[in-house]
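Written below as structure tokens is the structure these notes are about.
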Amino acid sequence: MTDEELVERVRAGDRAAREELARRHRPLVVRLVRRYVTESDADDVAQRAVLRAFDKLDGFRGESSFRSWLHRVAVNVALNHIRDTRREIPAEVDEADLITNTLGTARLVAREAKARLLTALGELPPKQKQSVELRLFRELTFAEVADEMGTSEDSAKANFHHAMKRLRAHLEG
């Protein structure tokens, strides 16, 4: 049964179809959110992403594949998690300890670099952004990226190339 058929059955209230969609896509969602959040948070964030997708299923218009749409929902949930956890820095953490602690400094630098990259990604045109996410985060070949985006392989490569140029410029500037 296709994802689209399962989506229609879920919309009609079929719990077994909901479980099948979740089972089918949860491993992808976990792998995806691990690229954004800590290992310890990944399962929780992935679960929230899947639940959010089902809560917002009426917003799925079928203009892209369910998998692509779920991918976007998962990325948004992961980004929201990052934003929310940044706000929750405990009061007892001494900033000087974070800066002088080598591991703390490395994490701080990595977190900042990740935030800059995500900001830069958010500023890309939709097709360029999608090509980067599919190619780098989901590790798809250009042929698979093209199929997922509903475009030619050359167009997928061009979108990716232009996106990488913009990302480099943003991160260097």
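Lettering and numbering for the structure tokens are positional, with chains as A, B, ... in the shown order, residues counted from 1 in each chain, and ligands counted from 1 in the shown order.
Near Arg166 of chain A, within 12 Å and counting only C-alpha atoms, sit Leu117, Thr119, Ala120, Leu121, Gly122, Glu123, Leu124, Pro125, Gln128, Lys129, Val132, Asn159, Phe160, His161, His162, His170, Leu171, Glu172 and Gly173 of chain A, not including residues fewer than 4 positions from it in the same chain.
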Based on the selection just made, write N, CA and C atoms of those residues as a PDB file, in the first residue's frame.
ATOM      1  N   LEU A 117      24.496  27.643  10.269  1.00  0.00           N
ATOM      2  CA  LEU A 117      24.165  26.849   9.090  1.00  0.00           C
ATOM      3  C   LEU A 117      22.648  26.753   8.920  1.00  0.00           C
ATOM      4  N   THR A 119      20.396  28.800  10.020  1.00  0.00           N
ATOM      5  CA  THR A 119      19.905  30.119   9.622  1.00  0.00           C
ATOM      6  C   THR A 119      20.122  30.322   8.129  1.00  0.00           C
ATOM      7  N   ALA A 120      21.333  29.995   7.670  1.00  0.00           N
ATOM      8  CA  ALA A 120      21.647  30.134   6.241  1.00  0.00           C
ATOM      9  C   ALA A 120      20.741  29.239   5.404  1.00  0.00           C
ATOM     10  N   LEU A 121      20.490  28.017   5.861  1.00  0.00           N
ATOM     11  CA  LEU A 121      19.594  27.107   5.146  1.00  0.00           C
ATOM     12  C   LEU A 121      18.194  27.698   5.043  1.00  0.00           C
ATOM     13  N   GLY A 122      17.757  28.315   6.136  1.00  0.00           N
ATOM     14  CA  GLY A 122      16.426  28.906   6.158  1.00  0.00           C
ATOM     15  C   GLY A 122      16.258  30.058   5.188  1.00  0.00           C
ATOM     16  N   GLU A 123      17.357  30.667   4.765  1.00  0.00           N
ATOM     17  CA  GLU A 123      17.312  31.804   3.850  1.00  0.00           C
ATOM     18  C   GLU A 123      17.415  31.387   2.382  1.00  0.00           C
ATOM     19  N   LEU A 124      17.642  30.109   2.131  1.00  0.00           N
ATOM     20  CA  LEU A 124      17.743  29.636   0.745  1.00  0.00           C
ATOM     21  C   LEU A 124      16.364  29.578   0.103  1.00  0.00           C
ATOM     22  N   PRO A 125      16.309  29.750  -1.219  1.00  0.00           N
ATOM     23  CA  PRO A 125      15.046  29.509  -1.928  1.00  0.00           C
ATOM     24  C   PRO A 125      14.619  28.049  -1.701  1.00  0.00           C
ATOM     25  N   GLN A 128      16.432  25.115  -3.600  1.00  0.00           N
ATOM     26  CA  GLN A 128      17.826  24.969  -3.199  1.00  0.00           C
ATOM     27  C   GLN A 128      17.906  24.341  -1.812  1.00  0.00           C
ATOM     28  N   LYS A 129      17.077  24.806  -0.925  1.00  0.00           N
ATOM     29  CA  LYS A 129      17.048  24.270   0.445  1.00  0.00           C
ATOM     30  C   LYS A 129      16.724  22.775   0.428  1.00  0.00           C
ATOM     31  N   VAL A 132      19.648  20.635  -0.799  1.00  0.00           N
ATOM     32  CA  VAL A 132      20.695  20.472   0.222  1.00  0.00           C
ATOM     33  C   VAL A 132      20.250  19.468   1.275  1.00  0.00           C
ATOM     34  N   ASN A 159      20.518  23.224  -8.543  1.00  0.00           N
ATOM     35  CA  ASN A 159      19.977  23.765  -7.292  1.00  0.00           C
ATOM     36  C   ASN A 159      20.951  23.553  -6.140  1.00  0.00           C
ATOM     37  N   PHE A 160      21.525  22.369  -6.084  1.00  0.00           N
ATOM     38  CA  PHE A 160      22.482  22.053  -5.023  1.00  0.00           C
ATOM     39  C   PHE A 160      23.722  22.942  -5.141  1.00  0.00           C
ATOM     40  N   HIS A 161      24.249  23.085  -6.352  1.00  0.00           N
ATOM     41  CA  HIS A 161      25.444  23.903  -6.581  1.00  0.00           C
ATOM     42  C   HIS A 161      25.204  25.351  -6.141  1.00  0.00           C
ATOM     43  N   HIS A 162      24.091  25.934  -6.569  1.00  0.00           N
ATOM     44  CA  HIS A 162      23.791  27.319  -6.213  1.00  0.00           C
ATOM     45  C   HIS A 162      23.562  27.463  -4.706  1.00  0.00           C
ATOM     46  N   HIS A 170      27.401  32.891   2.915  1.00  0.00           N
ATOM     47  CA  HIS A 170      26.767  33.271   4.177  1.00  0.00           C
ATOM     48  C   HIS A 170      27.661  32.916   5.375  1.00  0.00           C
ATOM     49  N   LEU A 171      28.248  31.746   5.329  1.00  0.00           N
ATOM     50  CA  LEU A 171      29.049  31.293   6.467  1.00  0.00           C
ATOM     51  C   LEU A 171      30.416  31.986   6.527  1.00  0.00           C
ATOM     52  N   GLU A 172      30.932  32.393   5.383  1.00  0.00           N
ATOM     53  CA  GLU A 172      32.214  33.086   5.363  1.00  0.00           C
ATOM     54  C   GLU A 172      32.056  34.579   5.674  1.00  0.00           C
ATOM     55  N   GLY A 173      30.864  35.109   5.416  1.00  0.00           N
ATOM     56  CA  GLY A 173      30.632  36.545   5.569  1.00  0.00           C
ATOM     57  C   GLY A 173      30.155  36.941   6.904  1.00  0.00           C
TER      58      GLY A 173
END
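Residues in contact with segment 73-81 of chain A at 7 Å, where only C-alpha atoms are counted and same-chain residues fewer than 2 positions away are skipped, are listed as Val29, Val33, Tyr36, Val37, Val45, Ala46, Ala49, Ala53, Trp69, Leu70, His71, Arg83, Asp84 and Thr85 of chain A.
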- Message: Taking only C-alpha atoms into account, name the residue in A:Leu136, A:Arg35, A:Phe66, A:Asp43 that is nearest to Arg111 of chain A.
- Response: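 Result for the nearest residue to Arg111 of chain A: A:Arg35.
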- Message: Residues within 7 Å of Val145 of chain A, please, as a VMD selection string. Count only C-alpha atoms; anything in the same chain fewer than 2 positions from it doesn't count.
- Response: chain A and resid 131 134 to 135 140 to 143 147 to 149 156
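In this structure, atom CA of Arg18 of chain A sits 23.5 Å away from atom CA of Asp41 of chain A.
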- Item | Residue nearest Phe137 of chain A among A:Lys56, A:Lys165, A:Arg15, A:Arg34 (counting only C-alpha atoms) |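 Checking each candidate against Phe137 of chain A, we get A:Arg34 as the closest.
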